[in-house]
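Structure data follow from structure-v6.csv (CSV, C-alpha atoms):
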```
chain,number,residue,atom,x,y,z
O,671,LEU,CA,-71.0,100.4,-44.1
O,672,ALA,CA,-68.6,98.5,-41.9
O,673,LEU,CA,-70.7,95.4,-42.5
O,674,LEU,CA,-69.9,95.5,-46.2
O,675,VAL,CA,-66.2,94.9,-45.5
O,676,LEU,CA,-66.8,92.0,-43.0
O,677,ILE,CA,-65.8,88.7,-44.5
O,678,SER,CA,-66.5,85.2,-43.1
O,679,CYS,CA,-63.9,82.5,-43.3
O,680,GLU,CA,-64.2,78.9,-42.1
O,681,LYS,CA,-62.3,79.6,-38.9
O,682,HIS,CA,-62.6,83.3,-38.1
O,683,HIS,CA,-64.2,86.6,-38.9
O,684,ARG,CA,-62.1,89.7,-39.7
O,685,ILE,CA,-62.1,93.0,-41.5
O,686,ASP,CA,-60.4,92.6,-44.9
O,687,LEU,CA,-58.7,95.9,-45.6
O,688,SER,CA,-57.9,94.9,-49.2
O,689,ASN,CA,-61.5,95.5,-50.0
O,690,MET,CA,-61.0,99.2,-49.4
O,691,ASP,CA,-60.1,101.7,-52.2
O,692,ARG,CA,-57.6,104.0,-50.5
O,693,THR,CA,-57.4,106.1,-53.7
O,694,ALA,CA,-60.9,107.3,-53.0
O,695,ASP,CA,-61.4,110.4,-50.9
O,696,PRO,CA,-63.4,109.3,-47.8
O,697,THR,CA,-64.7,112.9,-47.4
O,698,GLN,CA,-66.3,112.8,-50.8
O,699,ASP,CA,-67.2,109.1,-51.3
O,700,PHE,CA,-66.9,107.1,-48.1
O,701,TYR,CA,-68.8,104.1,-49.7
O,702,ARG,CA,-66.2,103.9,-52.4
O,703,PHE,CA,-63.4,104.3,-49.9
O,704,VAL,CA,-64.7,101.4,-47.8
O,705,ASN,CA,-65.9,99.0,-50.5
O,706,GLY,CA,-64.3,100.1,-53.8
O,707,ASN,CA,-61.8,97.2,-54.4
O,708,TRP,CA,-64.4,94.6,-53.5
O,709,LEU,CA,-66.9,96.2,-55.9
O,710,ASP,CA,-64.4,96.1,-58.7
O,711,LYS,CA,-63.4,92.5,-58.3
O,712,THR,CA,-66.7,90.9,-57.4
O,713,PRO,CA,-69.3,90.1,-60.1
O,714,ILE,CA,-72.9,89.6,-59.2
O,715,PRO,CA,-73.7,85.9,-59.5
O,716,GLU,CA,-76.1,85.0,-62.4
O,717,SER,CA,-78.5,83.6,-59.9
O,718,GLU,CA,-78.8,86.9,-57.9
O,719,SER,CA,-80.3,90.3,-58.5
O,720,SER,CA,-77.8,91.9,-56.1
O,721,TRP,CA,-74.8,90.8,-54.1
O,722,ARG,CA,-72.8,92.0,-51.1
O,723,LEU,CA,-70.5,90.5,-48.5
O,724,THR,CA,-73.4,89.9,-46.2
O,725,SER,CA,-74.8,87.7,-48.9
O,726,GLU,CA,-71.7,85.5,-48.5
O,727,LEU,CA,-72.4,85.4,-44.7
O,728,ARG,CA,-76.0,84.6,-45.4
O,729,ASP,CA,-75.1,81.7,-47.7
O,730,ARG,CA,-72.5,80.3,-45.3
O,731,ASN,CA,-75.0,80.5,-42.4
O,732,LYS,CA,-77.6,78.6,-44.6
O,733,LYS,CA,-75.0,75.9,-45.3
O,734,ILE,CA,-74.2,75.5,-41.6
O,735,LEU,CA,-77.9,75.4,-40.7
O,736,HIS,CA,-78.6,72.8,-43.5
O,737,GLU,CA,-75.8,70.6,-42.1
O,738,LEU,CA,-77.1,70.9,-38.6
O,739,LEU,CA,-80.7,70.1,-39.6
O,740,THR,CA,-79.7,67.1,-41.7
O,741,GLU,CA,-77.6,65.8,-38.8
O,742,LEU,CA,-80.5,66.2,-36.3
O,743,ALA,CA,-83.1,64.7,-38.6
O,744,ALA,CA,-80.9,61.6,-39.2
O,745,SER,CA,-80.9,60.4,-35.6
O,746,ASP,CA,-83.1,60.0,-32.6
O,747,HIS,CA,-83.0,62.4,-29.6
O,748,PRO,CA,-84.5,62.5,-26.1
O,749,GLN,CA,-88.3,63.2,-26.3
O,750,GLY,CA,-89.0,66.8,-25.7
O,751,SER,CA,-85.5,68.0,-26.3
O,752,ASN,CA,-84.8,70.9,-28.7
O,753,ALA,CA,-82.8,68.5,-30.9
O,754,GLN,CA,-85.8,66.1,-31.2
O,755,LYS,CA,-88.2,69.0,-32.0
O,756,VAL,CA,-85.9,70.5,-34.6
O,757,GLY,CA,-85.0,67.2,-36.2
O,758,ASP,CA,-88.7,66.2,-36.4
O,759,PHE,CA,-89.6,69.5,-37.8
O,760,TYR,CA,-87.0,69.3,-40.6
O,761,ARG,CA,-87.7,65.6,-41.3
O,762,THR,CA,-91.5,66.3,-41.6
O,763,GLY,CA,-90.9,69.3,-43.9
O,764,MET,CA,-88.7,67.2,-46.2
O,765,ASP,CA,-91.1,64.2,-46.4
O,766,SER,CA,-92.7,65.0,-49.7
O,767,THR,CA,-94.5,61.6,-49.9
O,768,GLN,CA,-96.3,62.3,-46.6
O,769,ILE,CA,-97.0,65.9,-47.7
O,770,GLU,CA,-98.6,64.7,-50.9
O,771,GLN,CA,-100.7,62.1,-49.0
O,772,ALA,CA,-101.9,64.8,-46.5
O,773,GLY,CA,-103.1,66.9,-49.4
O,774,LEU,CA,-105.0,70.0,-48.2
O,775,LYS,CA,-105.8,68.7,-44.8
O,776,PRO,CA,-103.1,70.6,-42.9
O,777,ILE,CA,-104.3,74.0,-44.3
O,778,GLN,CA,-108.0,73.2,-44.5
O,779,PRO,CA,-108.9,75.1,-41.3
O,780,TYR,CA,-107.4,78.3,-42.8
O,781,LEU,CA,-109.3,77.7,-46.1
O,782,ASP,CA,-112.5,77.2,-44.1
O,783,GLU,CA,-111.9,80.5,-42.3
O,784,ILE,CA,-111.7,82.3,-45.7
O,785,ASP,CA,-114.8,80.5,-47.0
O,786,ALA,CA,-116.7,81.7,-43.9
O,787,ILE,CA,-116.1,85.4,-44.7
O,788,ARG,CA,-119.4,87.1,-45.1
O,789,ASN,CA,-118.6,90.8,-44.4
O,790,PHE,CA,-115.8,93.3,-43.9
O,791,ASP,CA,-115.4,92.5,-40.2
O,792,ASP,CA,-114.8,88.9,-41.2
O,793,VAL,CA,-112.1,90.1,-43.6
O,794,LEU,CA,-110.3,91.9,-40.9
O,795,LYS,CA,-110.6,89.0,-38.5
O,796,VAL,CA,-109.0,86.7,-41.1
O,797,ALA,CA,-106.4,89.4,-41.8
O,798,ALA,CA,-105.5,89.4,-38.1
O,799,THR,CA,-105.2,85.6,-38.1
O,800,HIS,CA,-102.8,85.8,-41.0
O,801,GLN,CA,-100.8,88.6,-39.4
O,802,ARG,CA,-100.5,86.6,-36.2
O,803,MET,CA,-98.8,83.9,-38.3
O,804,GLY,CA,-96.5,86.4,-39.9
O,805,ALA,CA,-98.2,87.0,-43.2
O,806,GLY,CA,-98.9,90.5,-44.4
O,807,SER,CA,-102.6,90.1,-45.3
O,808,LEU,CA,-104.0,93.5,-46.5
O,809,PHE,CA,-101.3,95.3,-44.5
O,810,GLY,CA,-98.4,94.3,-42.3
O,811,ILE,CA,-97.9,94.7,-38.6
O,812,PHE,CA,-94.4,94.8,-37.1
O,813,THR,CA,-92.6,96.0,-34.0
O,814,GLU,CA,-89.4,98.1,-34.2
O,815,ALA,CA,-87.4,100.5,-32.1
O,816,ASP,CA,-89.2,103.8,-32.2
O,817,PHE,CA,-87.6,105.9,-35.0
O,818,LYS,CA,-87.3,108.9,-32.7
O,819,ASP,CA,-86.8,107.2,-29.3
O,820,SER,CA,-84.8,104.0,-29.3
O,821,ASN,CA,-85.6,103.5,-25.6
O,822,ILE,CA,-89.0,102.2,-26.6
O,823,ASN,CA,-90.5,99.8,-29.1
O,824,THR,CA,-93.3,100.9,-31.4
O,825,VAL,CA,-95.8,98.9,-33.4
O,826,TYR,CA,-96.0,99.9,-37.0
O,827,ALA,CA,-98.8,99.3,-39.5
O,828,PHE,CA,-97.3,99.0,-43.0
O,829,GLN,CA,-98.6,98.6,-46.5
O,830,GLY,CA,-98.9,95.0,-47.7
O,831,GLY,CA,-101.2,92.5,-49.4
O,832,LEU,CA,-99.2,92.3,-52.6
O,833,GLY,CA,-98.2,88.9,-54.0
O,834,MET,CA,-95.5,90.6,-56.2
O,835,PRO,CA,-92.7,92.7,-54.8
O,836,ASN,CA,-94.1,96.3,-55.2
O,837,ARG,CA,-96.6,98.5,-57.0
O,838,ASP,CA,-94.5,98.7,-60.2
O,839,TYR,CA,-95.3,95.0,-60.9
O,840,TYR,CA,-99.0,95.9,-61.1
O,841,LEU,CA,-98.9,99.4,-62.7
O,842,ASP,CA,-95.8,99.7,-64.8
O,843,GLU,CA,-96.9,99.4,-68.5
O,844,SER,CA,-93.5,98.4,-69.8
O,845,LYS,CA,-93.2,95.0,-71.5
O,846,ARG,CA,-91.1,93.6,-68.7
O,847,PHE,CA,-93.8,94.2,-66.1
O,848,GLN,CA,-96.6,93.2,-68.3
O,849,ASN,CA,-94.8,89.8,-68.6
O,850,TYR,CA,-94.6,89.6,-64.8
O,851,ARG,CA,-98.4,90.2,-64.5
O,852,SER,CA,-99.1,87.5,-67.2
O,853,GLU,CA,-96.9,84.9,-65.4
O,854,TYR,CA,-98.4,85.9,-62.0
O,855,LEU,CA,-101.9,85.2,-63.3
O,856,LYS,CA,-100.8,81.8,-64.5
O,857,HIS,CA,-99.3,81.1,-61.1
O,858,LEU,CA,-102.4,82.1,-59.3
O,859,SER,CA,-104.6,80.1,-61.6
O,860,LYS,CA,-102.4,77.0,-61.0
O,861,LEU,CA,-102.7,77.4,-57.2
O,862,PHE,CA,-106.5,77.3,-57.4
O,863,GLN,CA,-106.3,74.3,-59.7
O,864,LEU,CA,-104.2,72.6,-57.1
O,865,LEU,CA,-106.9,73.4,-54.6
O,866,GLY,CA,-109.3,71.5,-56.8
O,867,GLU,CA,-110.9,74.1,-58.9
O,868,ASP,CA,-111.5,73.7,-62.7
O,869,SER,CA,-109.5,75.9,-65.1
O,870,THR,CA,-112.4,78.3,-65.7
O,871,THR,CA,-113.1,78.9,-62.0
O,872,ALA,CA,-109.4,79.1,-61.2
O,873,GLY,CA,-108.8,81.7,-63.9
O,874,ALA,CA,-111.7,83.8,-62.6
O,875,ALA,CA,-110.4,83.6,-59.1
O,876,ALA,CA,-106.9,84.6,-60.3
O,877,ASN,CA,-108.3,87.7,-62.0
O,878,SER,CA,-110.2,88.6,-58.9
O,879,ILE,CA,-107.0,88.5,-56.8
O,880,MET,CA,-105.1,90.5,-59.4
O,881,SER,CA,-107.9,93.1,-59.3
O,882,ILE,CA,-107.7,93.4,-55.5
O,883,GLU,CA,-104.0,93.5,-55.4
O,884,THR,CA,-103.9,96.1,-58.1
O,885,ARG,CA,-106.1,98.4,-56.1
O,886,LEU,CA,-103.8,97.9,-53.1
O,887,ALA,CA,-100.8,98.7,-55.3
O,888,GLU,CA,-102.5,101.9,-56.4
O,889,ALA,CA,-102.7,103.0,-52.8
O,890,SER,CA,-99.1,101.8,-52.1
O,891,TRP,CA,-96.0,104.0,-51.9
O,892,THR,CA,-93.3,103.6,-54.4
O,893,PRO,CA,-89.9,102.1,-53.5
O,894,VAL,CA,-88.4,105.6,-53.6
O,895,GLN,CA,-91.1,106.9,-51.2
O,896,LEU,CA,-90.5,104.1,-48.8
O,897,ARG,CA,-86.9,105.3,-48.3
O,898,ASP,CA,-88.2,108.4,-46.5
O,899,LEU,CA,-88.4,107.1,-42.9
O,900,GLN,CA,-89.5,110.5,-41.7
O,901,ALA,CA,-92.7,110.1,-43.8
O,902,TRP,CA,-93.2,106.7,-42.1
O,903,TYR,CA,-93.3,108.3,-38.7
O,904,ASN,CA,-97.0,109.0,-38.0
O,905,PRO,CA,-97.8,108.1,-34.4
O,906,ARG,CA,-101.5,107.7,-33.6
O,907,THR,CA,-103.6,106.7,-30.6
O,908,PHE,CA,-106.3,104.0,-31.2
O,909,GLU,CA,-108.9,106.8,-31.3
O,910,GLU,CA,-106.9,108.9,-33.8
O,911,ALA,CA,-106.4,105.9,-36.1
O,912,LYS,CA,-110.1,105.1,-35.9
O,913,LYS,CA,-111.0,108.6,-37.1
O,914,GLU,CA,-108.6,108.3,-40.1
O,915,THR,CA,-109.6,104.7,-41.0
O,916,PRO,CA,-113.2,104.4,-39.6
O,917,ASP,CA,-113.7,100.9,-41.2
O,918,ILE,CA,-111.0,99.4,-39.0
O,919,ASP,CA,-111.5,99.0,-35.2
O,920,TRP,CA,-107.8,99.1,-34.3
O,921,GLN,CA,-108.5,98.2,-30.6
O,922,LYS,CA,-110.3,95.1,-31.7
O,923,HIS,CA,-107.7,94.3,-34.3
O,924,PHE,CA,-104.9,94.4,-31.8
O,925,GLU,CA,-106.9,92.2,-29.4
O,926,LEU,CA,-107.2,89.7,-32.2
O,927,LEU,CA,-103.5,89.8,-32.7
O,928,GLY,CA,-103.1,88.9,-29.0
```

File written out as structure tokens:
Amino acid sequence: LALLVLISCEKHHRIDLSNMDRTADPTQDFYRFVNGNWLDKTPIPESESSWRLTSELRDRNKKILHELLTELAASDHPQGSNAQKVGDFYRTGMDSTQIEQAGLKPIQPYLDEIDAIRNFDDVLKVAATHQRMGAGSLFGIFTEADFKDSNINTVYAFQGGLGMPNRDYYLDESKRFQNYRSEYLKHLSKLFQLLGEDSTTAGAAANSIMSIETRLAEASWTPVQLRDLQAWYNPRTFEEAKKETPDIDWQKHFELLG
């Protein structure tokens, strides 16, 4: 909660006590006591779905990083230096002309990996490749301090594989979520067309992806269920995990992850 009253100024950081609502009883509503005045005076920007003081810190940090990247990309630096690497990385990413000329070539090895899939073992191999790059293919893998022993780090396997935010986007039958699904299908189809497929093939591929992701969504926990960290805590050895999910060789999967 203390983070919520932290404000960032151009020259210093401080706790702004004016954000507190001292009329609130901290023994009954500590959140209101700490943040009440800020909540009352701060509208959510139209471009955002939520807003907090850490959002202001985030945007300020992004502004600082953008200025730094622009500066580094605008000049030459000693070969091999961090400044040269960062400047080249940003300059390359912003060179839309070169990106268009390269076409699919930079990602072709990954597309070839997918095309080479012939069985379930191949699927898991590609999933491990994606996870190693930080993508949550099928499911996610991350390391965090152990929920019950902060002296050690634990590897967590977590639900994933959804292109949209959570299971509601696939399963909720309200008009709002039906519209999300319709627009998502258009987005997927467009991606396949950009890969060179005709509209019919692209549409079929989009429907296949939606079908797979919907099945993953059906097996996913709801956002409310995900708040229960106690339910997350299910330590398993490789052998125990193998018995519960016999189609996944966890030992091999972690070897693929490096």

**Q.** Point-to-point distance in Å for atom CA of O:Met834 and atom CA of O:Tyr850
**A.** 8.7 Å

Q: Tell me, in Å to one decimal, how far atom CA of O:Asp746 is from atom CA of O:Asp758.
A: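 These atoms are spaced 9.2 Å apart.
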
Near O:Asp842, within 12 Å and counting only C-alpha atoms, which residues show up once chain neighbours fewer than 4 positions away are dropped, as an mmCIF file with C-alpha atoms, in the frame of the given file?
```cif
data_model
loop_
_atom_site.group_PDB
_atom_site.id
_atom_site.type_symbol
_atom_site.label_atom_id
_atom_site.label_comp_id
_atom_site.auth_asym_id
_atom_site.auth_seq_id
_atom_site.Cartn_x
_atom_site.Cartn_y
_atom_site.Cartn_z
ATOM 1 C CA ASN O 836 -94.100 96.300 -55.200
ATOM 2 C CA ARG O 837 -96.600 98.500 -57.000
ATOM 3 C CA ASP O 838 -94.500 98.700 -60.200
ATOM 4 C CA ARG O 846 -91.100 93.600 -68.700
ATOM 5 C CA PHE O 847 -93.800 94.200 -66.100
ATOM 6 C CA GLN O 848 -96.600 93.200 -68.300
ATOM 7 C CA ASN O 849 -94.800 89.800 -68.600
ATOM 8 C CA TYR O 850 -94.600 89.600 -64.800
ATOM 9 C CA ARG O 851 -98.400 90.200 -64.500
ATOM 10 C CA THR O 884 -103.900 96.100 -58.100
ATOM 11 C CA ALA O 887 -100.800 98.700 -55.300
ATOM 12 C CA GLU O 888 -102.500 101.900 -56.400
ATOM 13 C CA THR O 892 -93.300 103.600 -54.400
#
```

Q: Could you tell me how far atom CA of O:Gly810 lies from atom CA of O:Ala827, in Å and to one decimal?
A: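 These atoms are spaced 5.7 Å apart.
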
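Counting all atoms listed in the file, stretch 812-815 of chain O has the following residues at most 7 Å away, ignoring those fewer than 5 positions along the same chain: Ser820, Ile822, Asn823, Thr824, Val825, Tyr826 and Ala827 of chain O.
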
**Q.** Nearest candidate to O:Trp902 (options O:Thr724, O:Ser869, O:Gln829, O:Gln921; using only C-alpha atoms)
**A.**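 Ranking O:Thr724, O:Ser869, O:Gln829, O:Gln921 by distance to O:Trp902, first place goes to O:Gln829.
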